[in-house]
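For reference, target.cif (mmCIF, C-alpha atoms):
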data_model
#
loop_
_atom_site.label_atom_id
_atom_site.label_comp_id
_atom_site.auth_asym_id
_atom_site.auth_seq_id
_atom_site.Cartn_x
_atom_site.Cartn_y
_atom_site.Cartn_z
CA VAL A 1 -11.73 10.85 13.47
CA MET A 2 -14.42 9.14 15.59
CA LYS A 3 -17.54 10.59 13.98
CA ALA A 4 -20.52 8.78 15.50
CA ALA A 5 -21.58 6.09 17.97
CA CYS A 6 -24.68 4.13 16.99
CA ASP A 7 -27.12 2.24 19.22
CA LEU A 8 -30.86 1.61 19.04
CA ASN A 9 -31.01 3.05 22.56
CA GLU A 10 -30.19 6.76 22.29
CA GLU A 11 -29.23 6.97 25.97
CA SER A 12 -26.73 4.14 25.54
CA ALA A 13 -25.34 5.77 22.39
CA LYS A 14 -24.88 9.08 24.20
CA LYS A 15 -23.17 7.38 27.15
CA LEU A 16 -20.80 5.59 24.77
CA ALA A 17 -20.08 8.82 22.89
CA ASP A 18 -19.44 10.77 26.08
CA THR A 19 -17.18 8.07 27.51
CA TRP A 20 -15.01 7.50 24.44
CA GLY A 21 -15.13 10.80 22.57
CA TRP A 22 -17.43 10.17 19.62
CA GLN A 23 -18.52 13.45 18.05
CA SER A 24 -22.20 12.52 17.59
CA VAL A 25 -24.75 9.74 17.99
CA GLU A 26 -27.15 7.85 15.73
CA THR A 27 -29.92 5.37 16.56
CA SER A 28 -30.19 3.84 13.07
CA LEU A 29 -27.49 2.16 11.04
CA ASP A 30 -29.30 3.31 7.90
CA ASP A 31 -28.88 6.92 9.01
CA LEU A 32 -25.26 6.26 9.98
CA ALA A 33 -24.46 4.61 6.66
CA ALA A 34 -26.08 7.46 4.72
CA ARG A 35 -23.66 10.01 6.16
CA ASP A 36 -20.99 11.28 3.78
CA ASP A 37 -18.55 11.86 6.64
CA ILE A 38 -18.51 8.15 7.59
CA ASP A 39 -15.92 5.96 5.80
CA LEU A 40 -15.68 2.95 8.13
CA ILE A 41 -18.32 1.23 10.27
CA ASP A 42 -17.32 -1.08 13.11
CA ILE A 43 -19.88 -3.74 14.09
CA ALA A 44 -19.75 -4.60 17.81
CA ALA A 45 -23.33 -5.83 18.27
CA PRO A 46 -24.46 -9.37 19.31
CA ASN A 47 -23.78 -12.19 16.85
CA ASN A 48 -27.30 -12.51 15.45
CA VAL A 49 -27.19 -9.06 13.83
CA HIS A 50 -23.65 -9.19 12.40
CA HIS A 51 -24.93 -10.27 8.99
CA LEU A 52 -27.67 -7.63 8.79
CA LEU A 53 -25.46 -4.75 9.90
CA VAL A 54 -22.43 -5.72 7.84
CA MET A 55 -24.51 -6.10 4.69
CA LYS A 56 -26.09 -2.67 5.26
CA ALA A 57 -22.64 -1.11 5.67
CA ILE A 58 -21.32 -2.79 2.52
CA GLU A 59 -24.40 -1.79 0.51
CA ALA A 60 -23.69 1.81 1.52
CA GLY A 61 -20.14 1.46 0.24
CA LYS A 62 -18.54 1.70 3.68
CA HIS A 63 -15.43 -0.10 4.81
CA VAL A 64 -16.30 -2.40 7.68
CA SER A 65 -14.86 -4.25 10.66
CA CYS A 66 -16.79 -6.84 12.68
CA GLU A 67 -16.54 -8.75 15.94
CA LYS A 68 -16.01 -12.48 15.85
CA PRO A 69 -17.45 -14.93 15.06
CA LEU A 70 -18.27 -13.27 11.75
CA ALA A 71 -21.81 -14.67 11.57
CA LEU A 72 -24.23 -17.28 12.93
CA ASP A 73 -23.35 -19.80 10.23
CA VAL A 74 -21.26 -20.43 7.14
CA ALA A 75 -23.99 -19.32 4.73
CA GLN A 76 -24.16 -15.86 6.33
CA ALA A 77 -20.37 -15.58 6.56
CA ARG A 78 -19.90 -16.52 2.91
CA GLU A 79 -22.47 -13.92 1.81
CA MET A 80 -20.68 -11.23 3.86
CA TYR A 81 -17.28 -12.21 2.46
CA LEU A 82 -18.49 -12.24 -1.15
CA ALA A 83 -20.37 -8.96 -0.77
CA ALA A 84 -17.30 -7.19 0.62
CA LYS A 85 -15.13 -8.67 -2.13
CA GLU A 86 -17.53 -7.63 -4.88
CA ALA A 87 -17.96 -4.12 -3.44
CA GLY A 88 -14.21 -3.67 -3.04
CA VAL A 89 -14.53 -2.41 0.52
CA MET A 90 -11.85 -3.03 3.12
CA ASN A 91 -12.87 -5.44 5.85
CA MET A 92 -11.44 -6.85 9.05
CA ILE A 93 -12.57 -9.26 11.76
CA TRP A 94 -11.50 -8.56 15.35
CA HIS A 95 -9.38 -11.59 16.17
CA ASN A 96 -7.34 -9.30 18.39
CA TYR A 97 -5.14 -12.01 19.92
CA ARG A 98 -3.09 -12.06 16.72
CA ARG A 99 -1.78 -8.67 17.80
CA THR A 100 -0.33 -10.01 21.06
CA PRO A 101 3.43 -9.47 20.62
CA ALA A 102 4.35 -12.87 22.07
CA LEU A 103 1.91 -14.71 19.78
CA ALA A 104 3.05 -12.69 16.76
CA LEU A 105 6.62 -13.58 17.73
CA ALA A 106 5.62 -17.27 17.74
CA LYS A 107 4.26 -16.81 14.23
CA ARG A 108 7.56 -15.29 13.08
CA MET A 109 9.55 -18.11 14.67
CA ILE A 110 7.41 -20.80 13.01
CA ASP A 111 7.57 -19.06 9.63
CA ASN A 112 11.37 -18.86 9.98
CA GLY A 113 11.57 -22.61 10.53
CA LEU A 114 12.66 -22.57 14.18
CA LEU A 115 10.17 -25.31 15.09
CA GLY A 116 10.76 -27.40 11.96
CA ARG A 117 7.98 -29.75 10.92
CA ILE A 118 4.90 -29.18 13.09
CA TYR A 119 3.62 -32.28 14.89
CA HIS A 120 1.12 -31.06 17.49
CA VAL A 121 -1.19 -28.13 18.21
CA ARG A 122 -2.53 -28.19 21.77
CA ALA A 123 -5.01 -25.40 22.52
CA VAL A 124 -7.28 -24.67 25.48
CA TYR A 125 -9.41 -21.68 26.41
CA MET A 126 -10.71 -21.79 29.99
CA GLN A 127 -13.00 -19.37 31.84
CA ASP A 128 -15.27 -19.74 34.86
CA TRP A 129 -17.55 -16.68 34.85
CA CYS A 130 -20.87 -18.54 34.49
CA MET A 131 -20.36 -21.64 36.63
CA ASP A 132 -22.90 -20.40 39.17
CA PRO A 133 -26.25 -22.04 38.21
CA ASP A 134 -27.97 -18.87 39.44
CA PHE A 135 -26.19 -16.79 36.82
CA PRO A 136 -29.01 -15.46 34.58
CA LEU A 137 -29.90 -16.39 31.02
CA ALA A 138 -27.96 -13.60 29.28
CA TRP A 139 -27.96 -13.43 25.48
CA ARG A 140 -24.82 -15.55 25.25
CA PHE A 141 -26.86 -18.54 26.48
CA ARG A 142 -29.42 -18.24 23.66
CA LYS A 143 -28.61 -19.99 20.39
CA GLU A 144 -30.81 -17.68 18.32
CA VAL A 145 -28.68 -14.70 19.44
CA ALA A 146 -25.21 -16.12 20.14
CA GLY A 147 -25.15 -19.00 17.66
CA SER A 148 -23.20 -21.16 20.10
CA GLY A 149 -21.68 -20.95 23.57
CA ALA A 150 -18.06 -21.57 24.50
CA HIS A 151 -17.61 -22.88 20.95
CA GLY A 152 -18.12 -19.59 19.10
CA TYR A 153 -17.15 -17.38 22.02
CA LEU A 154 -13.85 -19.06 22.98
CA ASN A 155 -13.05 -21.86 20.56
CA ALA A 156 -13.24 -19.40 17.65
CA HIS A 157 -10.14 -17.70 19.09
CA LEU A 158 -8.28 -21.02 19.34
CA ILE A 159 -9.19 -21.95 15.77
CA ASP A 160 -7.98 -18.57 14.51
CA ALA A 161 -4.71 -18.83 16.46
CA ALA A 162 -4.09 -22.35 15.13
CA ARG A 163 -4.80 -21.33 11.54
CA TYR A 164 -2.62 -18.22 11.96
CA LEU A 165 0.32 -20.20 13.32
CA VAL A 166 0.08 -23.59 11.64
CA GLY A 167 -2.31 -23.59 8.67
CA GLU A 168 -5.62 -25.02 7.52
CA PHE A 169 -7.66 -27.77 9.16
CA ASP A 170 -8.31 -31.05 7.34
CA SER A 171 -10.82 -32.84 9.58
CA VAL A 172 -12.28 -32.63 13.09
CA CYS A 173 -14.06 -34.74 15.70
CA ALA A 174 -15.83 -32.87 18.49
CA THR A 175 -18.09 -33.35 21.49
CA PHE A 176 -20.15 -30.73 23.35
CA GLU A 177 -21.81 -30.43 26.76
CA THR A 178 -24.18 -28.03 28.49
CA PHE A 179 -23.73 -28.46 32.25
CA VAL A 180 -26.45 -26.06 33.44
CA LYS A 181 -29.53 -26.90 31.39
CA GLU A 182 -31.70 -23.91 32.35
CA ARG A 183 -31.25 -20.48 33.88
CA SER A 184 -33.37 -17.66 35.27
CA VAL A 185 -34.70 -15.23 32.69
CA GLU A 186 -33.36 -11.69 32.68
CA LEU A 187 -35.70 -8.84 33.50
CA GLU A 188 -33.19 -6.18 32.55
CA GLY A 189 -29.51 -5.85 31.76
CA GLY A 190 -28.69 -7.61 28.52
CA SER A 191 -24.91 -7.33 28.79
CA LEU A 192 -22.46 -10.20 29.09
CA PHE A 193 -22.60 -10.04 32.88
CA ALA A 194 -26.36 -9.70 32.97
CA GLY A 195 -28.81 -7.79 35.13
CA LYS A 196 -31.86 -8.64 37.31
CA THR A 197 -33.76 -11.88 36.86
CA SER A 198 -37.22 -13.32 37.41
CA ASP A 199 -38.20 -16.63 39.00
CA LYS A 200 -38.98 -18.02 35.57
CA LYS A 201 -36.39 -20.33 34.04
CA GLU A 202 -35.80 -21.21 30.40
CA PRO A 203 -33.51 -23.72 28.67
CA VAL A 204 -29.89 -22.91 27.87
CA THR A 205 -29.64 -23.60 24.15
CA VAL A 206 -25.86 -23.38 23.66
CA ASP A 207 -22.87 -25.37 24.83
CA ASP A 208 -20.92 -24.73 28.02
CA ALA A 209 -17.89 -26.68 26.79
CA VAL A 210 -16.43 -28.27 23.67
CA ILE A 211 -13.52 -30.65 23.14
CA SER A 212 -12.28 -31.47 19.64
CA LEU A 213 -9.60 -33.49 17.92
CA ALA A 214 -8.23 -32.17 14.66
CA ARG A 215 -6.01 -33.06 11.75
CA PHE A 216 -4.28 -30.32 9.77
CA LYS A 217 -3.55 -30.34 6.06
CA ASN A 218 0.21 -30.32 6.81
CA GLY A 219 -0.10 -33.55 8.82
CA ALA A 220 -0.11 -32.04 12.30
CA LEU A 221 -2.51 -33.28 14.98
CA GLY A 222 -4.50 -30.93 17.20
CA THR A 223 -6.56 -30.92 20.37
CA PHE A 224 -8.92 -28.07 21.22
CA GLU A 225 -10.81 -27.47 24.46
CA ALA A 226 -13.00 -24.47 25.25
CA THR A 227 -15.01 -24.19 28.45
CA ARG A 228 -16.71 -21.63 30.66
CA PHE A 229 -16.66 -24.12 33.58
CA ALA A 230 -12.95 -24.29 34.51
CA ALA A 231 -12.86 -23.03 38.10
CA GLY A 232 -9.96 -20.67 38.76
CA HIS A 233 -9.37 -19.74 35.13
CA LYS A 234 -10.43 -16.22 34.16
CA ASN A 235 -8.95 -16.03 30.66
CA GLY A 236 -6.80 -19.11 30.21
CA ASN A 237 -6.22 -18.78 26.46
CA GLN A 238 -3.34 -21.18 25.89
CA ILE A 239 -1.66 -22.78 22.90
CA GLU A 240 1.37 -25.04 22.62
CA ILE A 241 2.95 -26.13 19.35
CA ASN A 242 5.45 -28.98 19.11
CA GLY A 243 7.73 -29.42 16.11
CA SER A 244 10.74 -31.44 15.01
CA LYS A 245 13.16 -28.70 16.13
CA GLY A 246 11.43 -27.43 19.25
CA SER A 247 8.28 -26.14 20.89
CA ILE A 248 6.57 -22.89 21.81
CA SER A 249 4.00 -22.35 24.55
CA PHE A 250 1.79 -19.30 25.13
CA ASP A 251 -0.71 -18.39 27.87
CA PHE A 252 -2.62 -15.12 27.58
CA GLU A 253 -2.80 -14.82 31.38
CA ARG A 254 0.94 -14.19 31.02
CA MET A 255 0.51 -12.40 27.71
CA ASN A 256 3.92 -10.70 27.56
CA GLU A 257 5.80 -14.01 27.68
CA LEU A 258 6.52 -16.79 25.22
CA LYS A 259 8.08 -20.10 26.27
CA TYR A 260 10.47 -21.69 23.77
CA TYR A 261 12.28 -25.03 23.74
CA ASN A 262 15.13 -25.63 21.27
CA ILE A 263 16.29 -29.24 20.83
CA ASP A 264 19.69 -27.99 19.63
CA ASP A 265 20.58 -26.34 22.94
CA PRO A 266 23.50 -27.96 24.80
CA GLU A 267 22.34 -30.96 26.84
CA ASP A 268 23.08 -29.27 30.17
CA LEU A 269 21.01 -26.21 29.14
CA LEU A 270 17.97 -28.01 27.71
CA GLY A 271 14.61 -26.74 28.93
CA PHE A 272 11.91 -24.22 28.17
CA ARG A 273 13.19 -20.65 28.26
CA THR A 274 10.90 -17.70 28.89
CA ILE A 275 11.17 -14.91 26.35
CA PRO A 276 9.77 -11.57 27.58
CA ALA A 277 8.29 -10.19 24.34
CA THR A 278 8.87 -6.57 25.32
CA LEU A 279 11.73 -5.44 23.09
CA PRO A 280 11.31 -3.00 20.18
CA THR A 281 12.43 -5.87 17.91
CA HIS A 282 9.37 -7.89 18.93
CA PRO A 283 6.19 -7.46 16.87
CA TYR A 284 4.19 -4.32 17.76
CA MET A 285 6.36 -3.39 20.74
CA GLU A 286 8.12 -0.57 18.88
CA ALA A 287 4.86 1.39 19.30
CA TYR A 288 4.75 1.13 23.08
CA TRP A 289 7.06 1.33 26.10
CA PRO A 290 10.83 0.93 26.74
CA PRO A 291 12.20 -2.65 26.92
CA GLY A 292 10.87 -4.63 29.86
CA HIS A 293 7.66 -2.61 30.16
CA THR A 294 4.63 -4.79 29.56
CA ILE A 295 1.40 -4.09 27.69
CA GLY A 296 -2.19 -5.18 28.38
CA TYR A 297 -5.26 -6.68 26.74
CA GLU A 298 -6.44 -3.33 25.40
CA HIS A 299 -3.25 -2.90 23.40
CA THR A 300 -4.15 -5.88 21.21
CA PHE A 301 -7.16 -3.87 20.00
CA VAL A 302 -5.08 -0.70 19.66
CA SER A 303 -2.58 -2.54 17.47
CA ALA A 304 -5.35 -4.10 15.36
CA ALA A 305 -6.99 -0.69 14.88
CA ALA A 306 -3.62 0.84 13.98
CA ASP A 307 -2.98 -1.88 11.40
CA PHE A 308 -6.42 -1.28 9.90
CA ALA A 309 -5.89 2.50 9.80
CA LYS A 310 -2.50 2.03 8.13
CA ALA A 311 -3.92 -0.40 5.56
CA PHE A 312 -6.83 1.98 4.95
CA ALA A 313 -4.47 4.91 4.36
CA GLU A 314 -2.15 2.93 2.08
CA GLY A 315 -4.83 0.91 0.29
CA THR A 316 -3.19 -2.38 1.25
CA PRO A 317 -4.85 -5.63 2.43
CA ILE A 318 -5.48 -6.29 6.13
CA LYS A 319 -5.61 -9.62 7.94
CA PRO A 320 -7.59 -11.22 9.42
CA ASP A 321 -10.34 -10.19 7.00
CA PHE A 322 -13.76 -11.62 6.16
CA GLU A 323 -12.14 -14.45 4.23
CA GLU A 324 -10.35 -15.49 7.42
CA GLY A 325 -13.65 -15.07 9.30
CA LEU A 326 -15.36 -17.37 6.80
CA ARG A 327 -12.61 -19.98 7.09
CA ASN A 328 -12.96 -19.83 10.88
CA GLN A 329 -16.73 -20.24 10.57
CA ILE A 330 -16.25 -23.29 8.34
CA VAL A 331 -14.17 -25.00 11.03
CA LEU A 332 -16.64 -24.03 13.76
CA GLU A 333 -19.51 -25.49 11.73
CA ALA A 334 -17.58 -28.67 10.93
CA MET A 335 -16.96 -29.20 14.65
CA SER A 336 -20.67 -28.61 15.38
CA GLU A 337 -21.62 -31.13 12.68
CA SER A 338 -19.16 -33.61 14.17
CA GLY A 339 -20.76 -33.22 17.59
CA GLU A 340 -24.18 -33.95 16.12
CA LYS A 341 -22.94 -36.98 14.13
CA ASN A 342 -20.63 -38.23 16.90
CA GLY A 343 -17.79 -38.82 14.45
CA TRP A 344 -15.09 -37.32 12.24
CA VAL A 345 -16.06 -34.63 9.72
CA GLN A 346 -14.01 -33.35 6.79
CA VAL A 347 -13.51 -29.55 6.88
CA PRO A 348 -14.72 -28.17 3.53
CA ASP A 349 -12.67 -25.75 1.49
CA ILE A 350 -13.79 -22.12 1.34
CA SER A 351 -15.39 -22.70 -2.07
#
Would you mind giving the structure from this file in structure tokens?
Amino acid sequence: VMKAACDLNEESAKKLADTWGWQSVETSLDDLAARDDIDLIDIAAPNNVHHLLVMKAIEAGKHVSCEKPLALDVAQAREMYLAAKEAGVMNMIWHNYRRTPALALAKRMIDNGLLGRIYHVRAVYMQDWCMDPDFPLAWRFRKEVAGSGAHGYLNAHLIDAARYLVGEFDSVCATFETFVKERSVELEGGSLFAGKTSDKKEPVTVDDAVISLARFKNGALGTFEATRFAAGHKNGNQIEINGSKGSISFDFERMNELKYYNIDDPEDLLGFRTIPATLPTHPYMEAYWPPGHTIGYEHTFVSAAADFAKAFAEGTPIKPDFEEGLRNQIVLEAMSESGEKNGWVQVPDIS
């Protein structure tokens, strides 16, 4: 049951509640966490308050889910992970792309050995929504609020997908660039696609793009590119994995499809085949439409929420959890360190 929507702005909280069917509103997380009828708190606020809000929820003994990236840095993420572990509360991070049927199918294929030994991970995430230099200085352009730019906003998804499909990172070498150095200050708005601006400009303190090389612990090589300056790409979240027995290729702009190449196909039939991941035998699709009927972006969140509800009811673990969020944060921070040092950096273990 959706008990309460919480926002510092009561009007915003009421609008959210009215739109989505929350039974009540709160303007303080302390008041929300003190309620006996609240079991789970979902944190969907900007990155700079993830740590504060998650820790408050855990201290109140509530189960908690949180947007990605988990925190502003590894130190915060580790504290959140350890607090949840010590308190014994269930926790989940919203890496929703794992619940895309085609990507989950790729995971099953890799785990079943269809790709053999993994050689390459090739991942890109391309958007173009802020290429206009007149686009205002929304919170995602401020390091103190967002933590990073395309790196934490987009590259975090690529890192999670790579870890989900292939395994842990060993070392990374990254470079960053901010193409628009300053933007007009917002007067009002505050959302991703901001509101009115003034004539005053302030520096952009996060990256617009990041490119990284990577080595994985299993010997695979990886390339990662995340940018908000790729004209024509609205949500080009793509990953290709090459192995000794074949390859898979996924593009979220065609989210219901997975491309698969099998080196053992007859010579006259060799080539990438397109698998429509819409059958009840494909991950998550048994919950939706008849074969051949596609799903959308929102269903990745529905499936994640359903998995969390099921795990909550059965008392079983849920992935990705705060441990996965911490591991993701460790890779993000290693790439940032590499960009500052202009060289390779070893990715530390979670300990």
Can you give me, as a ChimeraX atom specification, the residues this file yields under the PyMOL selection byres ((chain A and resi 252) around 8)?
/A:235-238,250-251,253-256
Given the file shown, enumerate the residues that the PyMOL selection byres ((chain A and resi 69) around 8) captures and present them as a ChimeraX atom specification.
/A:47,67-68,70-72,152-153,156,325,328-329
Counting only C-alpha atoms, figure out which residue out of A:Met90, A:Ala231, A:Leu270, A:Val145 gets nearest to Lys310 in chain A.
A:Met90
Between CA of Thr175 in chain A and CA of Ser212 in chain A, what is the distance in Å, rounded to a tenth?
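Result for CA of Thr175 in chain A versus CA of Ser212 in chain A: 6.4 Å, one decimal.
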Atom pair CA of Gly339 in chain A / CA of Phe224 in chain A: separation (Å):
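About the pair CA of Gly339 in chain A and CA of Phe224 in chain A: they are 13.4 Å apart.
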Long-range neighbours of Gly315 in chain A as a VMD selection string, 12 Å cut-off, only C-alpha atoms, 6 positions minimum in chain
chain A and resid 63 88 to 91 307 to 309
Residue nearest Lys107 in chain A - candidates A:Thr227, A:Thr27, A:Ser184, A:Ser249, atoms counted: only C-alpha atoms:
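For Lys107 in chain A, the nearest of the given residues is A:Ser249.
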Once the PyMOL selection byres ((chain A and resi 80) around 8) is applied to the coordinates I shared, what remains selected? I want it as a count of residues only.
12
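Coordinates place CA of Leu332 in chain A at a distance of 26.3 Å from CA of Ala87 in chain A.
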Which residues, written as a list of chain:residue names, have at least one atom at most 7 Å from Pro283 in chain A, with only C-alpha atoms counted and residues fewer than 3 positions away on the same chain left out?
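After dropping sequence-adjacent residues, the list is A:Pro101, A:Ala104, A:Leu105.
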Same residues, C-alpha atoms, saved as an mmCIF file, keeping the file's coordinate frame:
data_model
loop_
_atom_site.group_PDB
_atom_site.id
_atom_site.type_symbol
_atom_site.label_atom_id
_atom_site.label_comp_id
_atom_site.auth_asym_id
_atom_site.auth_seq_id
_atom_site.Cartn_x
_atom_site.Cartn_y
_atom_site.Cartn_z
ATOM 1 C CA PRO A 101 3.430 -9.470 20.620
ATOM 2 C CA ALA A 104 3.050 -12.690 16.760
ATOM 3 C CA LEU A 105 6.620 -13.580 17.730
#
Could you give me, as an MDAnalysis selection string, the residues that sit within 8 Å of (-14.6, -21.3, 3.6) in the file's coordinates, counting all atoms listed in the file?
chainID A and resid 74 78 323 326:330 348:351
Residues at most 6 Å from Ala17 in chain A, counting all atoms listed in the file, excluding those fewer than 4 positions away in the same chain, as a list in words?
Ala5, Gly21 and Trp22 of chain A
Would you please work out which residue, of A:Ile275, A:Leu53, A:Val206, A:Met92, is nearest to Pro320 in chain A when using only C-alpha atoms?
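Selected residue with least distance to Pro320 in chain A: A:Met92.
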Skip Trp344 in chain A itself and residues of its chain fewer than 5 positions away, then list as a ChimeraX atom specification all residues within 8 Å of it, counting only C-alpha atoms.
/A:171-174,338
Where atoms are absent from range 238-246 of chain A, fill them in so it carries all heavy atoms, then output it as a compact mmCIF listing (two decimals), in the coordinates of the input.
# COMPACT_ATOMS: atom_id res chain seq x y z
N GLN A 238 -4.66 -20.56 25.96
CA GLN A 238 -3.34 -21.18 25.89
C GLN A 238 -3.18 -21.98 24.60
O GLN A 238 -4.11 -22.62 24.14
CB GLN A 238 -3.14 -22.11 27.09
CG GLN A 238 -3.33 -21.44 28.44
CD GLN A 238 -3.38 -22.44 29.58
OE1 GLN A 238 -3.16 -23.64 29.39
NE2 GLN A 238 -3.70 -21.96 30.77
N ILE A 239 -1.97 -21.94 24.06
CA ILE A 239 -1.66 -22.78 22.90
C ILE A 239 -0.21 -23.22 22.96
O ILE A 239 0.67 -22.43 23.31
CB ILE A 239 -1.97 -22.03 21.58
CG1 ILE A 239 -1.84 -22.99 20.38
CG2 ILE A 239 -1.10 -20.80 21.40
CD1 ILE A 239 -2.47 -22.46 19.11
N GLU A 240 0.02 -24.48 22.70
CA GLU A 240 1.37 -25.04 22.62
C GLU A 240 1.52 -25.73 21.28
O GLU A 240 0.60 -26.42 20.82
CB GLU A 240 1.65 -26.03 23.75
CG GLU A 240 3.05 -26.62 23.71
CD GLU A 240 3.38 -27.47 24.92
OE1 GLU A 240 3.08 -27.02 26.05
OE2 GLU A 240 3.95 -28.56 24.74
N ILE A 241 2.67 -25.53 20.65
CA ILE A 241 2.95 -26.13 19.35
C ILE A 241 4.28 -26.86 19.43
O ILE A 241 5.29 -26.28 19.84
CB ILE A 241 2.97 -25.07 18.23
CG1 ILE A 241 1.59 -24.40 18.13
CG2 ILE A 241 3.35 -25.68 16.90
CD1 ILE A 241 1.51 -23.27 17.17
N ASN A 242 4.26 -28.13 19.06
CA ASN A 242 5.45 -28.98 19.11
C ASN A 242 5.89 -29.32 17.70
O ASN A 242 5.09 -29.75 16.87
CB ASN A 242 5.17 -30.28 19.86
CG ASN A 242 4.50 -30.06 21.20
OD1 ASN A 242 3.42 -30.58 21.44
ND2 ASN A 242 5.12 -29.28 22.07
N GLY A 243 7.18 -29.12 17.43
CA GLY A 243 7.73 -29.42 16.11
C GLY A 243 8.98 -30.26 16.21
O GLY A 243 9.46 -30.60 17.30
N SER A 244 9.56 -30.57 15.07
CA SER A 244 10.74 -31.44 15.01
C SER A 244 11.99 -30.77 15.56
O SER A 244 12.95 -31.44 15.94
CB SER A 244 10.99 -31.88 13.56
OG SER A 244 11.21 -30.75 12.72
N LYS A 245 12.00 -29.43 15.63
CA LYS A 245 13.16 -28.70 16.13
C LYS A 245 12.93 -28.03 17.48
O LYS A 245 13.87 -27.46 18.04
CB LYS A 245 13.59 -27.63 15.11
CG LYS A 245 14.08 -28.19 13.79
CD LYS A 245 14.53 -27.06 12.87
CE LYS A 245 15.05 -27.57 11.55
NZ LYS A 245 15.49 -26.45 10.65
N GLY A 246 11.68 -28.08 17.97
CA GLY A 246 11.43 -27.43 19.25
C GLY A 246 9.96 -27.18 19.46
O GLY A 246 9.10 -27.67 18.72
